[in-house]
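File shown here: model_33.cif, holding mmCIF, C-alpha atoms.
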data_structure
loop_
_atom_site.label_atom_id
_atom_site.label_comp_id
_atom_site.auth_asym_id
_atom_site.auth_seq_id
_atom_site.Cartn_x
_atom_site.Cartn_y
_atom_site.Cartn_z
CA ASP A 33 -4.06 -42.70 -18.96
CA VAL A 34 -5.16 -42.21 -15.36
CA GLY A 35 -8.67 -40.82 -15.02
CA VAL A 36 -11.22 -40.02 -12.36
CA ALA A 37 -14.99 -40.26 -12.12
CA LEU A 38 -16.98 -38.27 -9.58
CA GLN A 39 -20.51 -39.22 -8.64
CA HIS A 40 -23.43 -36.82 -9.02
CA ARG A 41 -26.95 -37.57 -7.90
CA ARG A 42 -28.57 -39.85 -10.46
CA VAL A 43 -30.79 -38.17 -13.02
CA ASP A 44 -33.10 -40.23 -15.27
CA GLY A 45 -31.21 -43.41 -14.35
CA ALA A 46 -27.83 -42.17 -15.64
CA ALA A 47 -25.16 -42.55 -12.95
CA LEU A 48 -21.97 -41.75 -14.88
CA ALA A 49 -21.77 -38.61 -16.96
CA ALA A 50 -18.09 -38.47 -17.95
CA VAL A 51 -14.53 -39.62 -17.32
CA HIS A 52 -11.92 -36.90 -16.86
CA PHE A 53 -8.34 -37.89 -17.73
CA LEU A 54 -5.52 -36.48 -15.63
CA GLY A 55 -2.77 -36.85 -18.25
CA PHE A 56 -0.55 -39.55 -16.74
CA ARG A 57 0.35 -43.06 -17.84
CA ASP A 58 -0.09 -46.27 -15.86
CA SER A 59 2.78 -46.88 -13.43
CA GLY A 60 2.63 -50.66 -13.43
CA MET A 61 3.16 -52.74 -10.32
CA PRO A 62 5.97 -52.08 -7.79
CA GLY A 63 9.48 -52.69 -9.08
CA THR A 64 8.63 -52.56 -12.78
CA ALA A 65 10.32 -50.32 -15.33
CA ASP A 66 7.03 -48.46 -15.84
CA ASN A 67 7.43 -47.01 -12.33
CA GLN A 68 10.41 -44.99 -13.52
CA HIS A 69 8.80 -43.46 -16.62
CA PRO A 70 8.74 -39.66 -16.18
CA ASN A 71 5.03 -39.51 -17.03
CA ALA A 72 4.07 -42.41 -14.77
CA PHE A 73 1.34 -41.39 -12.37
CA ILE A 74 3.39 -42.46 -9.37
CA GLN A 75 6.01 -39.85 -10.36
CA ALA A 76 3.49 -36.98 -10.20
CA PRO A 77 3.77 -34.83 -7.04
CA LEU A 78 0.85 -35.48 -4.69
CA GLU A 79 0.07 -31.77 -4.35
CA ARG A 80 -0.19 -31.42 -8.14
CA VAL A 81 -2.64 -34.31 -8.44
CA ALA A 82 -4.66 -33.12 -5.44
CA GLY A 83 -4.95 -29.72 -7.12
CA GLN A 84 -6.23 -31.31 -10.32
CA LEU A 85 -8.83 -33.24 -8.35
CA ALA A 86 -9.81 -30.21 -6.27
CA ALA A 87 -10.42 -28.29 -9.51
CA LEU A 88 -12.65 -31.09 -10.80
CA ILE A 89 -14.57 -31.20 -7.54
CA ARG A 90 -15.09 -27.44 -7.64
CA ALA A 91 -16.18 -27.55 -11.27
CA LEU A 92 -18.46 -30.60 -11.07
CA ARG A 93 -19.73 -30.11 -7.48
CA PRO A 94 -20.36 -33.79 -6.61
CA GLN A 95 -22.20 -34.81 -3.46
CA VAL A 96 -20.24 -38.09 -3.24
CA VAL A 97 -16.60 -38.98 -3.98
CA LEU A 98 -15.25 -42.54 -4.30
CA THR A 99 -11.62 -43.62 -4.20
CA PHE A 100 -9.50 -46.68 -3.37
CA ASN A 101 -8.52 -47.61 0.16
CA SER A 102 -4.97 -46.92 1.35
CA TYR A 103 -3.73 -50.24 -0.10
CA GLY A 104 -5.23 -49.43 -3.48
CA GLY A 105 -7.41 -52.56 -3.47
CA TYR A 106 -4.56 -54.90 -4.35
CA GLY A 107 -1.40 -52.84 -3.93
CA HIS A 108 -1.26 -51.07 -7.30
CA PRO A 109 0.91 -47.93 -6.92
CA ASP A 110 -1.48 -45.78 -8.98
CA HIS A 111 -4.43 -46.80 -6.82
CA ILE A 112 -2.51 -45.94 -3.66
CA HIS A 113 -1.38 -42.59 -5.10
CA ILE A 114 -4.91 -41.61 -6.13
CA HIS A 115 -6.16 -42.59 -2.66
CA TYR A 116 -3.93 -40.02 -0.97
CA ALA A 117 -4.50 -37.38 -3.65
CA THR A 118 -8.27 -37.80 -3.41
CA ARG A 119 -8.24 -37.59 0.38
CA ALA A 120 -6.23 -34.37 0.12
CA ALA A 121 -8.52 -32.91 -2.57
CA PHE A 122 -11.65 -33.85 -0.62
CA ALA A 123 -10.35 -31.84 2.34
CA ALA A 124 -9.09 -28.90 0.24
CA ALA A 125 -11.87 -28.31 -2.28
CA GLY A 126 -14.16 -26.52 0.18
CA ASP A 127 -11.42 -24.27 1.56
CA PRO A 128 -11.04 -20.98 -0.36
CA ARG A 129 -7.49 -20.63 0.97
CA ARG A 130 -6.39 -23.75 -0.92
CA TYR A 131 -5.49 -23.41 -4.60
CA PRO A 132 -6.50 -19.73 -4.71
CA GLU A 133 -5.56 -19.57 -8.40
CA GLN A 134 -8.59 -21.74 -9.09
CA ILE A 135 -10.82 -19.28 -7.22
CA ALA A 136 -9.30 -16.42 -9.19
CA ALA A 137 -10.11 -18.31 -12.41
CA GLY A 138 -13.79 -18.47 -11.49
CA LEU A 139 -14.17 -21.75 -9.60
CA GLU A 140 -15.96 -21.62 -6.26
CA PRO A 141 -15.14 -23.72 -3.18
CA TRP A 142 -17.19 -26.89 -2.95
CA GLN A 143 -17.24 -29.45 -0.16
CA PRO A 144 -18.52 -32.92 -1.09
CA GLN A 145 -20.72 -34.44 1.59
CA LYS A 146 -19.57 -38.07 1.56
CA LEU A 147 -16.43 -40.10 0.82
CA TYR A 148 -16.38 -43.86 0.19
CA TYR A 149 -13.98 -46.70 -0.59
CA PRO A 150 -15.19 -49.66 -2.67
CA THR A 151 -14.90 -52.87 -0.64
CA PHE A 152 -16.14 -56.47 -0.61
CA SER A 153 -16.70 -59.53 1.56
CA THR A 154 -13.40 -61.38 1.95
CA ARG A 155 -15.06 -64.79 2.24
CA PHE A 156 -14.26 -65.84 -1.34
CA VAL A 157 -10.66 -64.57 -1.14
CA ARG A 158 -10.12 -66.42 2.15
CA THR A 159 -11.37 -69.62 0.52
CA ALA A 160 -9.06 -69.05 -2.44
CA VAL A 161 -6.09 -68.52 -0.11
CA THR A 162 -6.84 -71.80 1.68
CA ALA A 163 -7.17 -73.64 -1.63
CA MET A 164 -3.87 -72.23 -2.91
CA ARG A 165 -2.05 -73.29 0.24
CA LEU A 166 -3.50 -76.81 -0.03
CA ALA A 167 -2.23 -76.88 -3.63
CA ARG A 168 1.20 -75.72 -2.38
CA ARG A 169 0.90 -72.38 -4.16
CA ASP A 170 1.94 -69.11 -2.53
CA PRO A 171 -1.13 -66.86 -2.05
CA ARG A 172 1.18 -63.88 -1.70
CA ARG A 173 2.31 -64.35 -5.32
CA PHE A 174 -0.95 -64.46 -7.31
CA GLY A 175 -1.91 -63.21 -10.77
CA ARG A 176 -0.39 -63.16 -14.23
CA ASN A 177 2.86 -61.63 -12.94
CA ASN A 178 2.84 -63.14 -9.44
CA ASP A 179 2.68 -59.63 -7.98
CA VAL A 180 -0.68 -59.71 -6.17
CA ASP A 181 -0.62 -60.52 -2.45
CA MET A 182 -3.95 -62.18 -1.62
CA VAL A 183 -3.18 -62.29 2.11
CA ARG A 184 -2.42 -58.56 2.21
CA ILE A 185 -5.66 -57.85 0.33
CA ILE A 186 -7.61 -59.56 3.12
CA GLU A 187 -5.67 -57.69 5.80
CA GLU A 188 -6.27 -54.30 4.15
CA THR A 189 -9.94 -54.71 3.18
CA THR A 190 -12.15 -52.12 4.88
CA PRO A 191 -15.52 -53.01 6.48
CA ILE A 192 -18.79 -52.95 4.56
CA THR A 193 -21.03 -50.06 5.61
CA THR A 194 -23.04 -49.61 2.41
CA THR A 195 -24.45 -52.08 -0.10
CA VAL A 196 -26.08 -50.93 -3.34
CA ALA A 197 -28.21 -53.30 -5.44
CA CYS A 198 -27.08 -53.38 -9.08
CA GLY A 199 -28.32 -56.73 -10.39
CA GLY A 200 -30.23 -55.00 -13.15
CA TYR A 201 -26.92 -53.97 -14.73
CA LEU A 202 -25.36 -57.44 -14.85
CA GLU A 203 -24.71 -57.55 -18.60
CA ALA A 204 -23.12 -54.09 -18.67
CA ASN A 205 -21.06 -55.08 -15.63
CA LEU A 206 -19.74 -58.21 -17.36
CA GLU A 207 -18.98 -56.36 -20.59
CA ALA A 208 -16.97 -53.76 -18.67
CA ARG A 209 -15.01 -56.44 -16.80
CA ALA A 210 -14.23 -58.27 -20.03
CA CYS A 211 -12.60 -55.09 -21.39
CA HIS A 212 -10.26 -54.72 -18.42
CA ARG A 213 -6.98 -56.61 -18.27
CA SER A 214 -5.73 -56.63 -14.70
CA GLN A 215 -3.01 -58.25 -12.63
CA GLY A 216 -5.67 -60.85 -11.82
CA GLY A 217 -5.15 -62.39 -15.24
CA GLY A 218 -8.46 -61.58 -16.96
CA VAL A 219 -10.97 -63.94 -15.35
CA PRO A 220 -13.40 -65.15 -18.07
CA PHE A 221 -16.71 -64.23 -16.46
CA GLY A 222 -18.74 -64.44 -19.65
CA GLY A 223 -19.54 -67.96 -20.81
CA ARG A 224 -18.00 -70.23 -18.19
CA VAL A 225 -19.93 -69.22 -15.07
CA PRO A 226 -23.67 -69.94 -14.76
CA ARG A 227 -25.84 -66.85 -14.87
CA PRO A 228 -27.47 -67.55 -11.46
CA LEU A 229 -24.01 -67.57 -9.86
CA LEU A 230 -23.03 -64.39 -11.71
CA ARG A 231 -26.17 -62.68 -10.47
CA ARG A 232 -25.26 -63.73 -6.94
CA MET A 233 -21.67 -62.50 -7.35
CA PHE A 234 -22.47 -59.17 -8.99
CA GLY A 235 -25.97 -58.42 -7.74
CA SER A 236 -24.67 -55.69 -5.44
CA GLU A 237 -21.65 -53.48 -4.81
CA SER A 238 -20.26 -52.78 -1.35
CA PHE A 239 -18.54 -49.70 0.06
CA THR A 240 -16.96 -48.31 3.21
CA ARG A 241 -18.24 -44.89 4.26
CA VAL A 242 -15.26 -42.85 5.40
CA VAL A 243 -16.79 -39.35 5.62
CA PRO A 244 -18.88 -38.90 7.63
CA ALA A 245 -17.34 -41.64 9.73
CA TRP A 246 -19.48 -44.75 10.08
CA ASP A 247 -21.09 -44.99 13.51
CA GLY A 248 -22.65 -48.44 13.21
CA GLY A 249 -26.31 -49.21 12.70
CA PRO A 250 -28.07 -50.69 9.64
CA LEU A 251 -26.20 -50.83 6.34
CA GLU A 252 -26.80 -47.96 3.95
CA ARG A 253 -28.50 -48.91 0.67
CA ASP A 254 -27.73 -45.74 -1.27
CA LEU A 255 -24.51 -43.75 -1.61
CA PHE A 256 -26.60 -40.59 -1.66
CA ALA A 257 -28.58 -41.31 1.50
CA GLY A 258 -28.78 -38.18 3.61
CA THR A 259 -27.15 -35.88 1.06
CA ILE A 260 -28.50 -32.46 0.18
CA ALA A 261 -28.83 -31.66 -3.53
#
Since I need it in another form, could you write the structure as structure tokens?
Amino acid sequence: DVGVALQHRRVDGAALAAVHFLGFRDSGMPGTADNQHPNAFIQAPLERVAGQLAALIRALRPQVVLTFNSYGGYGHPDHIHIHYATRAAFAAAGDPRRYPEQIAAGLEPWQPQKLYYPTFSTRFVRTAVTAMRLARRDPRRFGRNNDVDMVRIIEETTPITTTVACGGYLEANLEARACHRSQGGGVPFGGRVPRPLLRRMFGSESFTRVVPAWDGGPLERDLFAGTIA
């Protein structure tokens, strides 16, 4: 199922309160049979999904919203679809003229203050692309199903504006990654990589601030910097 998490200001160290499922199934990568399933997320009208997200924003009243960039990180159709739906919901949730049935049902307009995309330094991916080419492998056909375009990922990656330290959550981070099977093929982070290198790799998370637009200057160190509770 496709779900969404919205970020509230941290209270007592707890950053994630809940996951809200939207009721759709995974669409798979482009060109697969899963794309055509009637309940695949990619088949859901954008306005319908944006309305679901706007209702969640109005109910939960987050200061910060995170979503994928316009390429969905690595081209996954669901990630791209949720990008556009989230952008639409972010703009609509504070407008009482949008989705008036939600207002009639008791929800109040709510405008989140900041919007971010997760991002990362492309240095490692660029090195991997070079290594693949030297090994006569096509970097545009990576992953378990050869459907991940490493070159396109580099081209679509958005700039780092915000870096949040999270080294204290390394073990939880690794456990979560081990549970997720992706088109990347399930990289075995656990026992094969030295802990010092893992701490270096996952000691922080990077983001692109989209709203308000980044105007340069020092990197942010907190997604909630400058927000009003």
Return as JSON, numbers by chain the set of residues that the PyMOL selection byres ((chain A and resi 174) around 12) yields on the displayed structure.
{"A": [106, 157, 160, 161, 164, 165, 169, 170, 171, 172, 173, 175, 176, 177, 178, 179, 180, 181, 182, 183, 184, 185, 214, 215, 216, 217]}
Which residue of A:Leu206, A:Leu147, A:Val96, A:Ile192 approaches Phe256 of chain A most closely, using only C-alpha atoms
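With only C-alpha atoms as the atom set, the closest residue is A:Val96.
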Please write as a ChimeraX atom specification the list of polymer residues whose atoms come within 12 Å of (-26.4, -52.9, -13.5), counting all atoms listed in the file and keeping to the coordinates of the file.
/A:45-47,196-208,231,234-237
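Rounded to one decimal, atom CA of Val81 of chain A and atom CA of Thr189 of chain A lie 24.6 Å from each other.
Every protein or nucleic acid residue with an atom no more than 12 Å from Gly258 of chain A, counting all atoms listed in the file and leaving out same-chain residues fewer than 6 positions away, appears here: Arg41, Gln95, Val96, Gln145, Lys146, Pro244 and Glu252 of chain A.
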Keeping C-alpha atoms, export the residues of the selection given above as a CSV table (one decimal), keeping the file's coordinate frame.
chain,number,residue,atom,x,y,z
A,41,ARG,CA,-27.0,-37.6,-7.9
A,95,GLN,CA,-22.2,-34.8,-3.5
A,96,VAL,CA,-20.2,-38.1,-3.2
A,145,GLN,CA,-20.7,-34.4,1.6
A,146,LYS,CA,-19.6,-38.1,1.6
A,244,PRO,CA,-18.9,-38.9,7.6
A,252,GLU,CA,-26.8,-48.0,4.0
Could you tell me, as a PyMOL selection string, exactly which residues end up selected when the PyMOL selection byres ((chain A and resi 73) around 6) is applied to this structure?
chain A and resi 56-57+59+72+74-76
Please, what distance in Å, to one decimal, runs between atom CA of Pro144 of chain A and atom CA of Tyr103 of chain A?
22.8 Å
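Going from atom CA of Thr162 of chain A over to atom CA of Leu251 of chain A, you cover 28.9 Å.
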From the options A:Thr193, A:Thr259, A:Gln143, A:Gln84, which residue's atoms come nearest to Asp127 of chain A, counting only C-alpha atoms?
A:Gln143
If I put a ball of radius 7 Å at (-17.6, -48.8, -4.0) in the file's coordinates, which residues poke into it when counting all atoms listed in the file, written as number ranges by chain?
A: 98, 148-151, 237-239
Can I get the selection written as a compact mmCIF listing (two decimals), in the frame of the given file, with C-alpha atoms?
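Resulting contents of part13.txt:
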# COMPACT_ATOMS: atom_id res chain seq x y z
CA LEU A 98 -15.25 -42.54 -4.30
CA TYR A 148 -16.38 -43.86 0.19
CA TYR A 149 -13.98 -46.70 -0.59
CA PRO A 150 -15.19 -49.66 -2.67
CA THR A 151 -14.90 -52.87 -0.64
CA GLU A 237 -21.65 -53.48 -4.81
CA SER A 238 -20.26 -52.78 -1.35
CA PHE A 239 -18.54 -49.70 0.06
Which residue out of A:Leu88, A:Ile135, A:Glu140, A:Gly104 has the minimum interatomic distance to Ala121 of chain A when all atoms listed in the file are used?
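Of A:Leu88, A:Ile135, A:Glu140, A:Gly104, the one nearest Ala121 of chain A is A:Leu88, counting all atoms listed in the file.
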N, CA and C atoms for segment 85-104 of chain A, written as a PDB file, keeping the file's coordinate frame, could you do that?
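As written to disk, out_10.pdb reads:
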ATOM      1  N   LEU A  85      -7.575 -32.671  -8.843  1.00  0.00           N
ATOM      2  CA  LEU A  85      -8.830 -33.240  -8.350  1.00  0.00           C
ATOM      3  C   LEU A  85      -9.681 -32.177  -7.669  1.00  0.00           C
ATOM      4  N   ALA A  86      -9.054 -31.284  -6.917  1.00  0.00           N
ATOM      5  CA  ALA A  86      -9.810 -30.210  -6.270  1.00  0.00           C
ATOM      6  C   ALA A  86     -10.505 -29.336  -7.327  1.00  0.00           C
ATOM      7  N   ALA A  87      -9.817 -29.079  -8.437  1.00  0.00           N
ATOM      8  CA  ALA A  87     -10.420 -28.290  -9.510  1.00  0.00           C
ATOM      9  C   ALA A  87     -11.631 -29.012 -10.102  1.00  0.00           C
ATOM     10  N   LEU A  88     -11.511 -30.322 -10.290  1.00  0.00           N
ATOM     11  CA  LEU A  88     -12.650 -31.090 -10.800  1.00  0.00           C
ATOM     12  C   LEU A  88     -13.812 -31.071  -9.818  1.00  0.00           C
ATOM     13  N   ILE A  89     -13.503 -31.226  -8.544  1.00  0.00           N
ATOM     14  CA  ILE A  89     -14.570 -31.200  -7.540  1.00  0.00           C
ATOM     15  C   ILE A  89     -15.261 -29.844  -7.542  1.00  0.00           C
ATOM     16  N   ARG A  90     -14.498 -28.784  -7.629  1.00  0.00           N
ATOM     17  CA  ARG A  90     -15.090 -27.440  -7.640  1.00  0.00           C
ATOM     18  C   ARG A  90     -15.898 -27.189  -8.912  1.00  0.00           C
ATOM     19  N   ALA A  91     -15.464 -27.751 -10.014  1.00  0.00           N
ATOM     20  CA  ALA A  91     -16.180 -27.550 -11.270  1.00  0.00           C
ATOM     21  C   ALA A  91     -17.443 -28.405 -11.358  1.00  0.00           C
ATOM     22  N   LEU A  92     -17.351 -29.649 -10.901  1.00  0.00           N
ATOM     23  CA  LEU A  92     -18.460 -30.600 -11.070  1.00  0.00           C
ATOM     24  C   LEU A  92     -19.396 -30.635  -9.877  1.00  0.00           C
ATOM     25  N   ARG A  93     -18.926 -30.242  -8.695  1.00  0.00           N
ATOM     26  CA  ARG A  93     -19.730 -30.110  -7.480  1.00  0.00           C
ATOM     27  C   ARG A  93     -20.460 -31.424  -7.124  1.00  0.00           C
ATOM     28  N   PRO A  94     -19.726 -32.515  -6.967  1.00  0.00           N
ATOM     29  CA  PRO A  94     -20.360 -33.790  -6.610  1.00  0.00           C
ATOM     30  C   PRO A  94     -20.772 -33.822  -5.145  1.00  0.00           C
ATOM     31  N   GLN A  95     -21.852 -34.557  -4.858  1.00  0.00           N
ATOM     32  CA  GLN A  95     -22.200 -34.810  -3.460  1.00  0.00           C
ATOM     33  C   GLN A  95     -21.338 -35.910  -2.862  1.00  0.00           C
ATOM     34  N   VAL A  96     -20.928 -36.882  -3.710  1.00  0.00           N
ATOM     35  CA  VAL A  96     -20.240 -38.090  -3.240  1.00  0.00           C
ATOM     36  C   VAL A  96     -18.946 -38.280  -4.042  1.00  0.00           C
ATOM     37  N   VAL A  97     -17.883 -38.660  -3.353  1.00  0.00           N
ATOM     38  CA  VAL A  97     -16.600 -38.980  -3.980  1.00  0.00           C
ATOM     39  C   VAL A  97     -16.212 -40.403  -3.577  1.00  0.00           C
ATOM     40  N   LEU A  98     -15.728 -41.182  -4.549  1.00  0.00           N
ATOM     41  CA  LEU A  98     -15.250 -42.540  -4.300  1.00  0.00           C
ATOM     42  C   LEU A  98     -13.773 -42.620  -4.658  1.00  0.00           C
ATOM     43  N   THR A  99     -13.006 -43.347  -3.861  1.00  0.00           N
ATOM     44  CA  THR A  99     -11.620 -43.620  -4.200  1.00  0.00           C
ATOM     45  C   THR A  99     -11.215 -44.953  -3.601  1.00  0.00           C
ATOM     46  N   PHE A 100     -10.002 -45.430  -3.924  1.00  0.00           N
ATOM     47  CA  PHE A 100      -9.500 -46.680  -3.370  1.00  0.00           C
ATOM     48  C   PHE A 100      -9.154 -46.519  -1.894  1.00  0.00           C
ATOM     49  N   ASN A 101      -9.037 -47.656  -1.195  1.00  0.00           N
ATOM     50  CA  ASN A 101      -8.520 -47.610   0.160  1.00  0.00           C
ATOM     51  C   ASN A 101      -7.010 -47.380   0.126  1.00  0.00           C
ATOM     52  N   SER A 102      -6.382 -47.304   1.294  1.00  0.00           N
ATOM     53  CA  SER A 102      -4.970 -46.920   1.350  1.00  0.00           C
ATOM     54  C   SER A 102      -4.038 -47.970   0.769  1.00  0.00           C
ATOM     55  N   TYR A 103      -4.536 -49.196   0.545  1.00  0.00           N
ATOM     56  CA  TYR A 103      -3.730 -50.240  -0.100  1.00  0.00           C
ATOM     57  C   TYR A 103      -4.017 -50.293  -1.593  1.00  0.00           C
ATOM     58  N   GLY A 104      -4.907 -49.453  -2.059  1.00  0.00           N
ATOM     59  CA  GLY A 104      -5.230 -49.430  -3.480  1.00  0.00           C
ATOM     60  C   GLY A 104      -5.944 -50.673  -3.960  1.00  0.00           C
TER      61      GLY A 104
END
